[in-house]
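Novice: Sending over data_21.txt (compact mmCIF, C-alpha atoms).
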```txt
# COMPACT_ATOMS: atom_id res chain seq x y z
CA MET A 1 147.89 140.79 111.14
CA ARG A 2 145.58 140.22 108.17
CA LYS A 3 147.50 137.08 107.23
CA LEU A 4 147.15 135.77 110.78
CA GLN A 5 143.41 136.53 110.75
CA ALA A 6 143.03 134.81 107.36
CA PHE A 7 144.88 131.78 108.70
CA GLY A 8 142.55 131.65 111.70
CA ASN A 9 139.50 131.84 109.44
CA TRP A 10 140.92 129.02 107.33
CA LEU A 11 141.34 126.81 110.40
CA ARG A 12 137.78 127.51 111.57
CA SER A 13 135.91 127.26 108.26
CA SER A 14 137.91 124.79 106.16
CA LYS A 15 137.90 120.99 106.45
CA ASN A 16 141.59 121.07 105.60
CA GLY A 17 142.10 123.49 108.50
CA PHE A 18 140.27 121.15 110.89
CA PHE A 19 142.38 118.23 109.66
CA ALA A 20 145.58 120.27 110.09
CA LEU A 21 144.59 121.08 113.69
CA ALA A 22 143.86 117.41 114.40
CA VAL A 23 147.27 116.34 113.05
CA PHE A 24 149.01 119.15 114.95
CA GLY A 25 147.30 118.18 118.22
CA TYR A 26 148.16 114.52 117.71
CA TRP A 27 151.80 115.35 116.94
CA LEU A 28 152.24 117.65 119.93
CA LYS A 29 150.59 115.19 122.33
CA CYS A 30 152.69 112.25 121.09
CA TYR A 31 155.94 114.17 121.30
CA LEU A 32 155.26 115.30 124.87
CA ILE A 33 154.37 111.74 125.89
CA TYR A 34 157.52 110.41 124.20
CA LEU A 35 159.57 112.78 126.32
CA THR A 36 157.74 112.39 129.64
CA LYS A 37 156.22 108.89 129.73
CA PHE A 38 158.70 106.71 127.82
CA THR A 39 162.45 106.23 128.15
CA LEU A 40 163.43 105.96 124.49
CA GLY A 41 167.06 107.00 124.83
CA ALA A 42 167.26 109.40 121.89
CA THR A 43 170.82 110.70 121.51
CA GLY A 44 172.32 112.98 118.92
CA PRO A 45 170.67 115.39 116.46
CA MET A 46 169.31 112.73 114.06
CA GLN A 47 167.61 110.57 116.70
CA ASN A 48 166.06 113.61 118.37
CA PHE A 49 164.90 114.93 114.98
CA LEU A 50 163.24 111.60 114.14
CA LEU A 51 161.65 111.45 117.59
CA LEU A 52 160.24 114.92 116.93
CA ILE A 53 158.75 114.24 113.50
CA ASN A 54 157.76 110.56 113.58
CA PRO A 55 154.17 111.09 114.89
CA ILE A 56 153.33 113.23 111.84
CA PRO A 57 153.27 110.63 108.99
CA SER A 58 151.06 108.09 110.78
CA GLY A 59 148.86 110.88 112.17
CA MET A 60 148.32 112.19 108.64
CA LEU A 61 147.73 108.72 107.23
CA LEU A 62 145.20 107.54 109.83
CA LEU A 63 143.38 110.80 110.52
CA GLY A 64 143.38 111.39 106.76
CA LEU A 65 140.99 108.46 106.39
CA GLY A 66 138.31 110.80 107.71
CA MET A 67 139.02 113.18 104.83
CA LEU A 68 137.85 110.49 102.40
CA LEU A 69 134.26 110.96 103.61
CA LYS A 70 131.84 113.76 102.82
CA GLY A 71 130.22 116.49 104.90
CA ARG A 72 129.74 116.15 108.65
CA LYS A 73 130.76 112.48 108.56
CA SER A 74 134.27 113.59 107.69
CA TYR A 75 134.62 115.76 110.82
CA TRP A 76 133.22 113.19 113.22
CA THR A 77 135.22 110.34 111.68
CA ILE A 78 138.41 112.31 112.28
CA ILE A 79 137.32 112.76 115.93
CA VAL A 80 136.59 109.03 116.33
CA LEU A 81 139.93 108.07 114.75
CA ASP A 82 141.67 110.54 117.06
CA PHE A 83 140.04 108.87 120.08
CA VAL A 84 141.13 105.43 118.83
CA LEU A 85 144.74 106.62 118.46
CA ALA A 86 144.52 108.25 121.90
CA THR A 87 143.31 105.00 123.48
CA TRP A 88 146.19 103.04 121.91
CA LEU A 89 148.69 105.62 123.18
CA PHE A 90 147.09 105.70 126.65
CA ALA A 91 147.21 101.89 126.94
CA ASN A 92 150.87 101.87 125.96
CA VAL A 93 151.69 104.53 128.55
CA LEU A 94 150.23 102.34 131.32
CA TYR A 95 151.81 99.14 130.03
CA TYR A 96 155.20 100.80 129.57
CA ARG A 97 155.19 102.12 133.13
CA GLU A 98 154.80 98.58 134.47
CA PHE A 99 156.87 96.56 131.98
CA SER A 100 159.18 99.04 130.16
CA ASN A 101 157.84 97.73 126.86
CA PHE A 102 154.99 98.34 124.44
CA LEU A 103 151.79 96.39 123.89
CA SER A 104 151.87 93.64 121.28
CA PHE A 105 149.13 91.90 119.32
CA SER A 106 150.01 88.51 120.76
CA LEU A 107 149.69 89.99 124.24
CA LEU A 108 146.29 91.49 123.43
CA GLN A 109 145.10 88.18 121.97
CA ASN A 110 145.76 86.44 125.28
CA SER A 111 144.76 89.25 127.63
CA GLY A 112 141.63 87.34 128.69
CA SER A 113 143.73 84.90 130.70
CA ALA A 114 144.82 87.74 133.01
CA SER A 115 141.72 89.92 132.97
CA GLU A 116 140.71 89.38 136.61
CA ASN A 117 141.80 92.20 138.94
CA LEU A 118 142.91 94.16 135.87
CA GLY A 119 140.91 97.20 137.00
CA LYS A 120 142.71 97.31 140.35
CA SER A 121 146.08 96.86 138.65
CA ILE A 122 145.43 99.76 136.27
CA ALA A 123 144.20 102.00 139.09
CA GLY A 124 147.42 101.30 140.97
CA ILE A 125 149.69 102.63 138.24
CA LEU A 126 147.47 105.36 136.77
CA LYS A 127 148.55 109.00 136.92
CA GLY A 128 146.41 112.05 136.19
CA SER A 129 148.88 113.28 133.56
CA ASP A 130 148.31 110.05 131.58
CA PHE A 131 145.03 111.52 130.36
CA LEU A 132 147.06 113.93 128.26
CA ALA A 133 146.64 111.23 125.61
CA PHE A 134 142.97 112.26 125.27
CA ALA A 135 143.52 116.04 125.38
CA ASP A 136 143.43 116.78 121.64
CA PRO A 137 140.31 114.77 120.66
CA LEU A 138 138.44 116.12 123.70
CA ILE A 139 139.36 119.71 122.82
CA LEU A 140 138.38 119.22 119.18
CA THR A 141 135.08 117.63 120.22
CA GLY A 142 134.30 120.52 122.55
CA LEU A 143 135.13 123.10 119.87
CA LEU A 144 133.06 121.24 117.29
CA LEU A 145 130.03 120.97 119.58
CA GLY A 146 130.48 124.62 120.60
CA LYS A 147 130.18 125.70 116.95
CA PHE A 148 133.72 127.09 116.96
CA PHE A 149 134.24 125.36 113.62
CA LYS A 150 132.03 126.15 110.67
CA MET A 151 131.68 122.81 108.90
CA ASP A 152 132.95 122.82 105.34
CA LEU A 153 130.38 120.69 103.50
CA TYR A 154 131.76 121.21 100.01
CA ALA A 155 132.84 117.98 98.33
CA GLN A 156 136.58 117.67 97.72
CA SER A 157 138.07 115.91 94.74
CA TRP A 158 139.45 112.40 95.15
CA LYS A 159 142.72 113.71 93.77
CA HIS A 160 142.99 116.02 96.78
CA LYS A 161 141.93 113.32 99.26
CA LEU A 162 144.39 110.74 97.96
CA ALA A 163 147.15 113.35 97.83
CA ILE A 164 146.99 113.56 101.64
CA GLU A 165 147.41 109.79 102.03
CA LEU A 166 150.20 109.71 99.43
CA ALA A 167 152.02 112.56 101.16
CA ALA A 168 151.75 110.67 104.47
CA LEU A 169 153.20 107.50 102.90
CA LEU A 170 156.06 109.48 101.33
CA LEU A 171 156.84 111.08 104.69
CA MET A 172 156.73 107.64 106.33
CA GLY A 173 159.14 106.30 103.72
CA GLY A 174 161.48 109.26 104.22
CA ASN A 175 161.37 108.71 107.97
CA LEU A 176 162.27 105.05 107.49
CA LEU A 177 165.18 105.88 105.17
CA LEU A 178 166.64 108.34 107.68
CA ALA A 179 166.16 105.82 110.49
CA GLN A 180 167.83 103.01 108.52
CA ASN A 181 170.72 105.34 107.72
CA ASP A 182 171.22 106.09 111.41
CA ARG A 183 170.75 102.47 112.49
CA SER A 184 171.17 99.83 109.81
CA GLY A 185 168.99 96.72 110.07
CA LEU A 186 166.44 98.52 112.22
CA LEU A 187 163.59 96.19 111.22
CA THR A 188 165.60 93.00 110.75
CA ARG A 189 167.67 92.78 113.92
CA THR A 190 165.41 94.30 116.54
CA PHE A 191 166.04 93.34 120.17
CA ASP A 192 164.42 96.35 121.81
CA ASN A 193 161.04 97.81 120.83
CA ASN A 194 162.16 101.21 122.14
CA TYR A 195 164.23 101.52 118.97
CA ILE A 196 161.19 101.10 116.72
CA VAL A 197 159.18 103.73 118.61
CA LYS A 198 162.13 106.10 118.88
CA TYR A 199 162.91 105.99 115.16
CA LEU A 200 159.50 105.34 113.57
CA GLY A 201 156.73 106.02 116.07
CA ILE A 202 154.13 104.23 118.21
CA ASN A 203 151.76 103.47 115.31
CA GLU A 204 154.54 102.20 113.05
CA TYR A 205 155.56 99.92 115.91
CA ALA A 206 152.00 98.51 115.93
CA ILE A 207 152.28 97.77 112.19
CA TYR A 208 155.70 96.18 112.67
CA ASP A 209 154.47 94.05 115.56
CA GLY A 210 151.37 93.01 113.60
CA VAL A 211 153.51 91.82 110.69
CA LYS A 212 155.84 89.90 113.03
CA THR A 213 152.85 88.29 114.79
CA ALA A 214 151.34 87.23 111.43
CA GLN A 215 154.69 85.80 110.31
CA THR A 216 155.00 83.80 113.53
CA SER A 217 151.46 82.44 113.17
CA ALA A 218 152.16 81.45 109.55
CA GLN A 219 155.39 79.70 110.57
CA MET A 220 153.59 77.73 113.27
CA ALA A 221 150.75 76.80 110.91
CA ASN A 222 153.24 75.44 108.37
CA ALA A 223 155.49 73.68 110.89
CA LYS A 224 156.23 69.97 110.26
CA VAL A 225 157.70 67.23 112.42
CA SER A 226 160.57 66.97 109.94
CA ASP A 227 161.62 70.51 110.90
CA LEU A 228 162.97 69.08 114.16
CA SER A 229 165.69 67.14 112.33
CA SER A 230 167.85 70.25 111.89
CA VAL A 231 167.32 71.14 115.55
CA LYS A 232 168.42 67.65 116.66
CA LYS A 233 171.51 67.87 114.45
CA TYR A 234 172.44 71.21 115.98
CA LEU A 235 171.94 69.91 119.53
CA LYS A 236 174.05 66.86 118.77
CA SER A 237 176.91 68.86 117.23
CA SER A 238 176.79 71.46 120.03
CA TYR A 239 176.47 69.02 122.95
CA VAL A 240 178.20 70.06 126.17
CA ALA A 241 178.77 67.35 128.77
CA PRO A 242 177.29 67.95 132.25
CA ASN A 243 179.63 69.38 134.88
CA SER A 244 180.63 66.41 137.01
CA ALA A 245 181.05 68.68 140.04
CA TYR A 246 177.27 69.08 140.18
CA THR A 247 176.18 65.62 139.05
CA GLY A 248 174.10 63.81 141.66
CA VAL A 249 174.90 66.24 144.49
CA ALA A 250 171.25 66.33 145.62
CA LYS A 251 170.49 62.64 145.13
CA GLY A 252 168.30 61.28 147.90
CA LYS A 253 167.79 64.71 149.45
CA ASN A 254 164.86 67.04 149.72
CA VAL A 255 165.24 69.80 147.13
CA ILE A 256 163.98 73.33 147.65
CA VAL A 257 164.34 75.92 144.87
CA ILE A 258 163.87 79.54 145.95
CA HIS A 259 163.06 81.87 143.08
CA LEU A 260 162.95 85.61 143.88
CA GLU A 261 161.64 88.27 141.53
CA SER A 262 163.49 91.58 141.15
CA PHE A 263 166.00 90.57 143.82
CA GLN A 264 169.56 91.78 143.26
CA GLN A 265 172.74 89.97 144.31
CA PHE A 266 174.07 92.95 146.31
CA LEU A 267 171.36 92.38 148.95
CA ILE A 268 173.03 89.16 150.08
CA ASP A 269 175.08 90.08 153.20
CA TYR A 270 174.08 93.75 152.79
CA LYS A 271 173.69 95.66 156.05
CA TRP A 272 171.71 98.81 156.77
CA LYS A 273 172.62 100.67 159.97
CA GLY A 274 174.52 97.60 161.15
CA LYS A 275 171.69 95.12 160.58
CA GLU A 276 171.42 92.47 157.88
CA VAL A 277 168.68 93.19 155.34
CA THR A 278 168.13 89.51 154.47
CA PRO A 279 169.37 87.49 157.49
CA ASN A 280 167.48 84.28 156.68
CA LEU A 281 168.47 84.29 153.03
CA ASN A 282 172.08 84.90 154.05
CA LYS A 283 172.03 81.74 156.19
CA ILE A 284 170.55 79.69 153.36
CA TYR A 285 172.97 81.19 150.83
CA HIS A 286 176.06 80.36 152.89
CA SER A 287 174.90 76.90 153.98
CA GLN A 288 177.14 74.00 152.88
CA HIS A 289 174.00 72.30 151.55
CA THR A 290 173.12 75.21 149.23
CA LEU A 291 173.97 75.70 145.57
CA ALA A 292 173.81 79.38 144.62
CA PHE A 293 174.72 81.03 141.32
CA ASP A 294 175.44 84.74 141.13
CA ASN A 295 176.52 85.13 137.49
CA PHE A 296 173.38 85.30 135.38
CA PHE A 297 171.64 87.66 132.99
CA ASN A 298 168.12 88.92 132.42
CA GLN A 299 166.63 86.66 129.73
CA VAL A 300 162.90 87.34 129.97
CA GLY A 301 160.72 88.87 127.28
CA GLN A 302 157.30 90.50 127.53
CA GLY A 303 156.09 87.66 129.75
CA LYS A 304 158.36 88.92 132.56
CA THR A 305 157.41 86.82 135.64
CA SER A 306 155.85 84.02 133.61
CA ASP A 307 158.88 83.90 131.29
CA ALA A 308 161.20 83.57 134.30
CA GLU A 309 159.12 80.72 135.70
CA MET A 310 158.95 79.12 132.24
CA MET A 311 162.75 79.01 132.11
CA LEU A 312 163.17 77.87 135.68
CA GLU A 313 160.70 74.99 135.41
CA ASN A 314 161.12 73.94 131.76
CA SER A 315 164.54 75.19 130.57
CA LEU A 316 162.79 77.05 127.74
CA PHE A 317 163.12 80.69 126.76
CA GLY A 318 160.10 82.95 126.43
CA VAL A 319 158.86 84.12 123.03
CA GLN A 320 159.79 87.33 121.22
CA SER A 321 156.36 88.89 121.64
CA GLY A 322 153.77 88.30 124.35
CA SER A 323 153.87 85.69 127.09
CA ALA A 324 154.82 82.10 126.22
CA MET A 325 152.76 80.68 129.09
CA SER A 326 149.66 82.74 128.29
CA THR A 327 149.93 81.99 124.58
CA TYR A 328 150.89 78.31 124.61
CA GLY A 329 150.48 77.16 128.22
CA THR A 330 146.89 75.95 127.92
CA SER A 331 147.39 73.98 124.69
CA ASN A 332 150.74 72.29 125.32
CA THR A 333 152.23 69.87 127.83
CA PHE A 334 155.73 70.82 128.97
CA GLU A 335 158.46 68.59 130.40
CA SER A 336 158.81 70.52 133.65
CA MET A 337 161.31 69.89 136.41
CA PRO A 338 158.72 69.11 139.16
CA ALA A 339 156.93 66.64 136.85
CA ILE A 340 160.19 64.88 135.95
CA LEU A 341 161.17 64.60 139.62
CA ASN A 342 157.72 63.25 140.45
CA GLN A 343 157.34 60.79 137.58
CA LYS A 344 160.92 59.57 137.13
CA ALA A 345 162.56 60.01 140.52
CA GLY A 346 159.66 59.29 142.88
CA TYR A 347 159.57 62.73 144.50
CA THR A 348 156.48 64.38 145.92
CA THR A 349 156.59 67.83 144.37
CA ALA A 350 154.85 71.15 144.88
CA VAL A 351 155.19 74.51 143.17
CA MET A 352 154.02 77.61 145.00
CA HIS A 353 153.74 81.15 143.69
CA GLY A 354 153.05 83.98 146.13
CA GLY A 355 150.24 86.04 144.66
CA THR A 356 146.56 86.90 144.96
CA GLY A 357 144.58 83.83 143.96
CA SER A 358 142.06 85.72 141.81
CA PHE A 359 144.89 87.22 139.75
```
Represent the supplied structure as C-alpha cells.

Specialist:
Amino acid sequence: MRKLQAFGNWLRSSKNGFFALAVFGYWLKCYLIYLTKFTLGATGPMQNFLLLINPIPSGMLLLGLGMLLKGRKSYWTIIVLDFVLATWLFANVLYYREFSNFLSFSLLQNSGSASENLGKSIAGILKGSDFLAFADPLILTGLLLGKFFKMDLYAQSWKHKLAIELAALLLMGGNLLLAQNDRSGLLTRTFDNNYIVKYLGINEYAIYDGVKTAQTSAQMANAKVSDLSSVKKYLKSSYVAPNSAYTGVAKGKNVIVIHLESFQQFLIDYKWKGKEVTPNLNKIYHSQHTLAFDNFFNQVGQGKTSDAEMMLENSLFGVQSGSAMSTYGTSNTFESMPAILNQKAGYTTAVMHGGTGSF
C-alpha cells in the first residue's frame, strides 16, 4: 500500500511522473483507436504485439520535447504537443472512415482546392466517439488547472533529458527491426499504408510519407527531357497492336461513355423481389450498340474519384500519394479523350460530373 501511495505521489509531484502519464494516455488512446477506428488487419502474435507497442516510441520522442524545457513551460509544452498529436490522429480517423487510407503531405498541400463544403462533409461523417482522440490532453489540462499536479520546477540535467529521447529512438529502432523481420521490405515495397501504421504507428507513417513526398519533389525538380528516352524505348519494345475487333467500331457515331462510381457488376440484371434493380442500365448494357467490359480491377490511389476520371479521360494512372488532378491538374495540359475527339475527329464533346457545384 505504501509503495502504491509513493507511486501516486511521484506521479502528482514529479515532472517525470507527469510525462509518464502523458505517454501512457497517448498510448492507450492510440491503441483503442487502432482497434476501433481503423481496419489494420493485424494477425498473429507478432503483428498484434507491434500494434500494441508502436504508439510508445513516437509518443516518448515527441512528448519528450517538452521535457527539454524548464519549469512550467515544460508542463504546458507537453500539453500543447499532446493536442497536436491528438489533432493529427483525429484528422486521420475522419479521413480513414471516408477513404480507407491515411492523410498524406501531398494531400494536405493541395487541400485548398477542395476546401469548399468541407465543413458539411466532415459533419456528415463525424461520430461522437471520434473525440476520444482528445481525451488524454483534455484530462491532463483539467488536472493541471485543478492543481492536481504539483509542478516540479527543479531543473533536470541535459543528460537525463536526452536519455529520454535516446530511449525513444532505440525503441523505435527495435520496433522497426521486429517489423522488418515479420515483413521484409516494409519500407521499400509498400503498396498499402495500413501496413506502415500497423507495424510502426501513425506518427512513423507521417515521417515515412514526408520522406517519400520530399523524394518525389526532388525527382520532379531534377527531371530532364532526356529522361523520356528510356520511357520511349520501353514503350517501343513493349508495343501491343490494337485489337482489330474494336478498331473503328464507333466511327461516325455518337459516343456516350457512362462512368459509375462504386457500382458493382453483380447489379446488372440483378432482381429484388422480382423487379430489376437497374432496368435502364440493363437495356443499355445488352444493346447491340454497346461495348461493356466486366473484367477490370481497382486501380485508383488516394485521389479516388478524381483518379478514376483521370484514367478514364487521359489513360494515366494516379500518383502514389495524394490526388494527381489536385496536385498537377492546374499546371499541366493533358491529352484527354474528349479534347482529342473534338480537335482531331470533329466531334462536339461534353463531360458532365454529377455533384454539387460548390464542391

Novice: Using all atoms listed in the file, collect all residues at a distance of at most 10 Å from (159.4, 82.6, 123.5) as written in the file, then present them as a list in words.

Specialist: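 Residues found, by chain and rising number: Val300, Gly301, Gln302, Gly303, Asp307, Met310, Met311, Leu316, Phe317, Gly318, Val319, Gln320, Ser321, Gly322, Ser323, Ala324, Met325, Thr327 and Tyr328 of chain A.
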
Novice: Near Leu69 in chain A, counting all atoms listed in the file, which residues have an atom at most 12 Å away, once you skip same-chain residues fewer than 5 positions from it, shown as a compact mmCIF listing (two decimals) with C-alpha atoms, keeping the file's coordinate frame?

Specialist:
```txt
# COMPACT_ATOMS: atom_id res chain seq x y z
CA LYS A 15 137.90 120.99 106.45
CA LEU A 63 143.38 110.80 110.52
CA GLY A 64 143.38 111.39 106.76
CA SER A 74 134.27 113.59 107.69
CA TYR A 75 134.62 115.76 110.82
CA TRP A 76 133.22 113.19 113.22
CA THR A 77 135.22 110.34 111.68
CA ILE A 78 138.41 112.31 112.28
CA LEU A 153 130.38 120.69 103.50
CA TYR A 154 131.76 121.21 100.01
CA ALA A 155 132.84 117.98 98.33
CA GLN A 156 136.58 117.67 97.72
CA SER A 157 138.07 115.91 94.74
CA TRP A 158 139.45 112.40 95.15
CA LYS A 161 141.93 113.32 99.26
CA LEU A 162 144.39 110.74 97.96
```

Novice: Quick one: residues within 6 Å of range 42-56 of chain A, only C-alpha atoms, excluding same-chain residues fewer than 6 positions away - as a list in words?

Specialist: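 Near neighbours after the sequence-gap exclusion: Trp27, Lys198, Tyr199, Leu200 and Gly201 of chain A.
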
Novice: Can you pull out the residues contacting His259 in chain A? Cut-off 12 Å, using only C-alpha atoms, and skip same-chain residues under 2 positions away; I want them as a ChimeraX atom specification.

Specialist: /A:256-257,261-264,281,292-293,305,308-313,351-354

Novice: Give me the residues near His289 in chain A as a count of residues only, where near means some atom within 10 Å (using all atoms listed in the file) and where sequence neighbours in that chain fewer than 5 positions away do not count.

Specialist: 3

Novice: May I ask for the distance between CA of Leu32 in chain A and CA of Leu144 in chain A, given in Å to one decimal place?

Specialist: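 Rounded to one decimal, the two atoms are 24.2 Å apart.
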